[in-house]
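Single-structure report; data block below.
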Amino acid sequence: MNTMRQDAEKIIKESISSVLPDEAVTRALKDFTPCKGKVILVAAGKAAWQMAHAAVKALGSVNAGIVITKYGHVNGAIPGVTCYEAGHPVPDENSFAATEKALSLVSNLHCDDTVLFLLSGGGSALFESPLIPGKELQSITEELLSSGADIVSINTIRKRLSKVKGGRFALKCMPAKVFSIVLSDIIGNPLDMIASGPAYPDASTCEQALYIAEKYNLKLSEQTRNLLMNETPKALNNISTYVTGSVQELCKAAKISCEKLGYKTIILTDVLSCEASEAGSFLGSIAKSNKNATENLAFIAGGETIVHLRGTGKGGRNQELALSAAFKTEGIENVAVFSIGSDGTDGPTDAAGGYVDGATIKTIRKAGYDPEEMLCNNDAYNALKISQGLIITGPTGTNVNDVSVALIRKVNEHVRF
């Protein structure tokens, strides 16, 4: 393993460790004063198990609870809490069944009861009870994801097709109070959009939903189109919300780690939002333009890119970003680019993201493959697998967007591929 790859691994490990939700949930619960009745815990999202585990440890116990998270993300039993795994990024029958269990848990509560609602990214797919047939919802979700729609657009549609999104879960909990701890995975932390805002008033409008449906030419039944014209709750009087974790914290953690390794570091942005291939080309260009640096440099970009599916390959936005960057770094021995999803999963793959350096493109071609063709086919996973550039962390227990880093070592330092 070359020096920059070792540096990348250290930066990834330290950055993710800094944004794990355990301490943040414990801190948030210092402001939690439950009513005299029952405390019911509902946790949904990719970080749901980690958040619920931390909450029960801090509180000592809850009267009942449920965790709904992605497949492979449950790490053991939690006292008093039932854990379910379900589909992401497209909801499946397990998503629907587990959410119905959660709705049953919060039905018939009283005004002196409290729902502790722990929410993290991925909740839009995992926490779902649709108002339309499940297969139609899955089809609409897949259409939006493949079209390159951003998460705000996707969630604007999802809210109107659900029993729990857009503030409707908080309504289901009434007259009980809802105390929400939210781990943000959307740029700017819009509370009505994170996991489609199950316990927060919705700021989006029917007009916006209809515009998005037309923009992406969604195939909608008459029932679904009518639902898009039904407004969501605009005010809720039974909620308190505590936001913790963000991509800003992830970028700051990455900067600290880079500086510890001797890199002069600049955070370019923490609101990155564009096509993954464009972001990769940009970061690769920055690395290339600084290849003659006389000091070690690191450039960081945080946010969430999108992928417009044009091919039939395998990958995720971070892998596509990295592969795109590789064309700019080709043949340059002292630069590297890597990009990861903080939750440890990138698209429908087992990888968190990808790493590329000056040897990546040559390695892929030497193996008999065309890297340009693989990028066009959205097949970054297999391209990076060939070059040993896949970054695999496993589920991390957090979810605060993505971080991408360009590393440049000063020209008089020896770098080995």
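Going through the structure tokens in order, the chains are called A, B, and so on, while each chain numbers its residues from 1 and the ligands are numbered from 1 in the order shown.
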Show which residues sit within 10 Å of Pro89 (chain A), as JSON, numbers by chain. Count only C-alpha atoms, and ignore same-chain residues fewer than 3 positions away.
{"A": [70, 86, 92, 122, 123, 124, 125, 126, 138, 141, 142, 145, 347, 348]}
Would you output that residue set with C-alpha atoms, as a tab-separated table (two decimals), in the first residue's frame?
chain	number	residue	atom	x	y	z
A	70	LYS	CA	-30.86	-0.98	6.52
A	86	ALA	CA	-35.45	-3.18	5.54
A	92	ASP	CA	-39.54	-2.87	0.31
A	122	GLY	CA	-32.10	6.71	4.80
A	123	GLY	CA	-35.32	7.04	6.77
A	124	SER	CA	-37.26	8.01	3.66
A	125	ALA	CA	-37.00	4.45	2.33
A	126	LEU	CA	-36.81	2.61	5.65
A	138	GLN	CA	-40.99	1.51	-5.53
A	141	THR	CA	-38.58	5.95	-6.26
A	142	GLU	CA	-36.49	4.11	-8.83
A	145	LEU	CA	-33.15	7.95	-8.39
A	347	GLY	CA	-25.23	3.02	-3.77
A	348	PRO	CA	-26.36	-0.62	-3.95
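The protein and nucleic acid residues lying at most 6 Å from Gly284 (chain A) are Gly280, Ala325, Lys328 and Thr329 of chain A, with only C-alpha atoms considered and sequence neighbours fewer than 4 positions away removed.
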File dump, residues just selected, N, CA and C atoms, as a short mmCIF file (atom, residue, chain, number, x, y, z; two decimals), in the first residue's frame:
data_model
loop_
_atom_site.label_atom_id
_atom_site.label_comp_id
_atom_site.auth_asym_id
_atom_site.auth_seq_id
_atom_site.Cartn_x
_atom_site.Cartn_y
_atom_site.Cartn_z
N GLY A 280 -15.89 14.85 -9.51
CA GLY A 280 -14.65 14.10 -9.60
C GLY A 280 -13.66 14.76 -10.56
N ALA A 325 -12.34 11.32 -11.35
CA ALA A 325 -11.12 12.05 -10.98
C ALA A 325 -9.88 11.37 -11.52
N LYS A 328 -8.05 12.69 -14.59
CA LYS A 328 -7.23 13.90 -14.41
C LYS A 328 -5.90 13.58 -13.71
N THR A 329 -5.90 12.55 -12.88
CA THR A 329 -4.67 12.23 -12.14
C THR A 329 -3.79 11.21 -12.87
#
Among the residues A:Gly245, A:Gly315, A:Gly65, A:Pro130, the one that comes closest to Phe117 (chain A) [using only C-alpha atoms]:
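Of A:Gly245, A:Gly315, A:Gly65, A:Pro130, the one nearest Phe117 (chain A) is A:Gly65, counting only C-alpha atoms.
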So which one's closest to Tyr242 (chain A), A:Leu109, A:Ala24, A:Met51, A:Leu144? Using only C-alpha atoms, please.
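Ranked by minimum distance to Tyr242 (chain A), first place goes to A:Ala24.
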Here is a test: counting only C-alpha atoms, which residue of A:Lys57, A:Thr232, A:Cys111, A:Ala48 is nearest to Glu85 (chain A)?
A:Ala48
At a cut-off of 12 Å, can you tabulate as JSON lines every residue of region 186-235 of chain A near region 386-405 of chain A together with its closest atom pair and the distance in Å to one decimal, using only C-alpha atoms and ordering rows by chain then number?
{"residue": "A:Ile186", "atom": "CA", "partner": "A:Asn401", "partner_atom": "CA", "distance": 6.8}
{"residue": "A:Ile187", "atom": "CA", "partner": "A:Asn401", "partner_atom": "CA", "distance": 8.0}
{"residue": "A:Gly188", "atom": "CA", "partner": "A:Asn401", "partner_atom": "CA", "distance": 11.2}
{"residue": "A:Asn189", "atom": "CA", "partner": "A:Val400", "partner_atom": "CA", "distance": 10.0}
{"residue": "A:Ile194", "atom": "CA", "partner": "A:Val400", "partner_atom": "CA", "distance": 10.7}
{"residue": "A:Ala195", "atom": "CA", "partner": "A:Asn399", "partner_atom": "CA", "distance": 11.5}
Go ahead and save the picked residues with C-alpha atoms, as a PDB file, in the first residue's frame.
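The result, stored in again25.pdb:
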ATOM      1  CA  ILE A 186     -28.978  16.864   3.842  1.00  0.00           C
ATOM      2  CA  ILE A 187     -27.078  20.037   3.029  1.00  0.00           C
ATOM      3  CA  GLY A 188     -28.333  22.949   5.130  1.00  0.00           C
ATOM      4  CA  ASN A 189     -30.115  20.625   7.616  1.00  0.00           C
ATOM      5  CA  ILE A 194     -34.322  14.810   6.407  1.00  0.00           C
ATOM      6  CA  ALA A 195     -35.895  11.361   5.961  1.00  0.00           C
TER       7      ALA A 195
END
Need the shell around Ile66 (chain A): protein/DNA/RNA residues with any atom at most 10 Å away, counting only C-alpha atoms. Skip same-chain ones fewer than 3 positions apart. Format as a CSV table (one decimal) with C-alpha atoms, in the first residue's frame?
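Final output, saved to around_23.csv:
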chain,number,residue,atom,x,y,z
A,40,ILE,CA,-41.7,4.9,23.5
A,41,LEU,CA,-38.6,4.8,21.3
A,42,VAL,CA,-38.8,4.8,17.5
A,43,ALA,CA,-35.6,5.0,15.6
A,44,ALA,CA,-35.4,5.0,11.8
A,48,ALA,CA,-31.0,4.0,13.8
A,49,TRP,CA,-29.4,1.1,15.7
A,52,ALA,CA,-31.1,3.7,19.8
A,69,THR,CA,-32.6,0.3,9.7
A,78,ILE,CA,-31.1,-3.5,22.6
A,80,GLY,CA,-36.8,-3.3,25.4
A,81,VAL,CA,-36.4,-2.6,21.7
A,82,THR,CA,-37.3,-4.7,18.6
A,83,CYS,CA,-35.0,-4.3,15.6
A,84,TYR,CA,-36.0,-4.6,12.0
A,98,ALA,CA,-41.8,-2.5,10.2
A,99,THR,CA,-43.3,1.0,9.9
A,101,LYS,CA,-45.3,-2.0,13.7
A,102,ALA,CA,-44.1,1.5,14.7
A,105,LEU,CA,-46.6,1.2,19.0
A,117,PHE,CA,-38.0,9.7,17.8
Do a neighbour search on region 209-215 of chain A at 12 Å with only C-alpha atoms, toss out local chain neighbours closer than 6 positions, and write the hits as JSON, numbers by chain.
{"A": [140, 141, 143, 144, 147, 148, 149, 150, 151, 152, 153, 154, 155, 156, 157, 158, 159, 160, 161, 203, 221, 224, 225, 226, 227, 228, 229, 230, 231, 232]}
Nearest to Ile16 (chain A) among A:Lys177, A:Lys260, A:Lys252, A:Lys314, with distances taken over only C-alpha atoms: which residue is it?
A:Lys252
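With CA of Ala301 (chain A) on one side and CA of Cys251 (chain A) on the other, the separation reads 7.3 Å.
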Taking the chain letters and numbering used in this document, name the residues of region 80-327 of chain A that DSSP puts in helix (DSSP H, G or I), as a ChimeraX atom specification.
/A:93-106,123-126,134-147,151-159,168-173,194-196,206-215,222-227,247-260,276-289,317-327
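Every protein or nucleic acid residue with an atom no more than 9 Å from Pro175 (chain A), counting only C-alpha atoms and leaving out same-chain residues fewer than 4 positions away, appears here: Asn108, Leu109, His110, Cys111, Asp112, Asp113, Leu171 and Asn238 of chain A.
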Tell me, as a PyMOL selection string, which residues lie within 12 Å of Ser285 (chain A), counting only C-alpha atoms; anything in the same chain fewer than 5 positions away does not count.
chain A and resi 278-280+290-291+299+324-330+332+335-337+406-408
Dump as a PDB file, in the first residue's frame, selection limited to C-alpha atoms:
ATOM      1  CA  GLU A 278     -18.377  16.577 -12.602  1.00  0.00           C
ATOM      2  CA  ALA A 279     -17.264  16.790  -8.973  1.00  0.00           C
ATOM      3  CA  GLY A 280     -14.645  14.102  -9.604  1.00  0.00           C
ATOM      4  CA  ASN A 290      -1.000  21.410  -7.867  1.00  0.00           C
ATOM      5  CA  LYS A 291       1.210  18.464  -8.848  1.00  0.00           C
ATOM      6  CA  PHE A 299      -8.442  19.861  -0.639  1.00  0.00           C
ATOM      7  CA  SER A 324     -13.986  10.418 -12.891  1.00  0.00           C
ATOM      8  CA  ALA A 325     -11.118  12.047 -10.975  1.00  0.00           C
ATOM      9  CA  ALA A 326      -8.752   9.288 -12.108  1.00  0.00           C
ATOM     10  CA  PHE A 327      -8.695  10.606 -15.671  1.00  0.00           C
ATOM     11  CA  LYS A 328      -7.228  13.896 -14.409  1.00  0.00           C
ATOM     12  CA  THR A 329      -4.674  12.227 -12.137  1.00  0.00           C
ATOM     13  CA  GLU A 330      -3.513   9.690 -14.750  1.00  0.00           C
ATOM     14  CA  ILE A 332       0.887  11.737 -11.900  1.00  0.00           C
ATOM     15  CA  VAL A 335      -1.553  12.900  -6.268  1.00  0.00           C
ATOM     16  CA  ALA A 336      -4.615  10.928  -5.158  1.00  0.00           C
ATOM     17  CA  VAL A 337      -8.358  11.467  -4.778  1.00  0.00           C
ATOM     18  CA  ALA A 406      -7.673  15.415  -3.074  1.00  0.00           C
ATOM     19  CA  LEU A 407      -4.182  14.740  -1.678  1.00  0.00           C
ATOM     20  CA  ILE A 408      -0.949  16.116  -3.160  1.00  0.00           C
TER      21      ILE A 408
END
Tell me which of A:Gly311, A:Thr360, A:Asn318, A:Gly353 sits closest to Asp379 (chain A), counting only C-alpha atoms.
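With only C-alpha atoms as the atom set, the closest residue is A:Gly311.
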Members of region 209-313 of chain A assigned strand (DSSP E or B) by DSSP, as an mmCIF file with C-alpha atoms, in the first residue's frame:
data_model
loop_
_atom_site.group_PDB
_atom_site.id
_atom_site.type_symbol
_atom_site.label_atom_id
_atom_site.label_comp_id
_atom_site.auth_asym_id
_atom_site.auth_seq_id
_atom_site.Cartn_x
_atom_site.Cartn_y
_atom_site.Cartn_z
ATOM 1 C CA ILE A 239 -42.870 18.264 18.784
ATOM 2 C CA SER A 240 -39.428 19.269 20.033
ATOM 3 C CA THR A 241 -36.425 18.775 17.765
ATOM 4 C CA TYR A 242 -32.688 18.516 18.431
ATOM 5 C CA VAL A 243 -30.375 18.455 15.404
ATOM 6 C CA THR A 244 -26.982 16.812 15.704
ATOM 7 C CA LYS A 264 -1.823 22.040 4.422
ATOM 8 C CA THR A 265 -5.587 21.745 4.094
ATOM 9 C CA ILE A 266 -8.379 23.776 2.519
ATOM 10 C CA ILE A 267 -12.101 23.003 2.773
ATOM 11 C CA LEU A 268 -13.358 23.969 -0.671
ATOM 12 C CA THR A 269 -17.034 23.542 0.186
ATOM 13 C CA ASP A 270 -19.373 21.697 2.505
ATOM 14 C CA VAL A 271 -22.374 22.181 0.202
ATOM 15 C CA LEU A 272 -21.215 20.160 -2.808
ATOM 16 C CA GLU A 275 -23.188 15.370 -10.852
ATOM 17 C CA LEU A 297 -1.663 19.803 0.208
ATOM 18 C CA ALA A 298 -5.198 18.527 0.818
ATOM 19 C CA PHE A 299 -8.442 19.861 -0.639
ATOM 20 C CA ILE A 300 -11.767 18.788 0.900
ATOM 21 C CA ALA A 301 -15.300 18.904 -0.474
ATOM 22 C CA GLY A 302 -18.339 17.746 1.473
ATOM 23 C CA GLY A 303 -21.950 17.351 0.437
ATOM 24 C CA ILE A 306 -26.015 12.782 -7.783
#
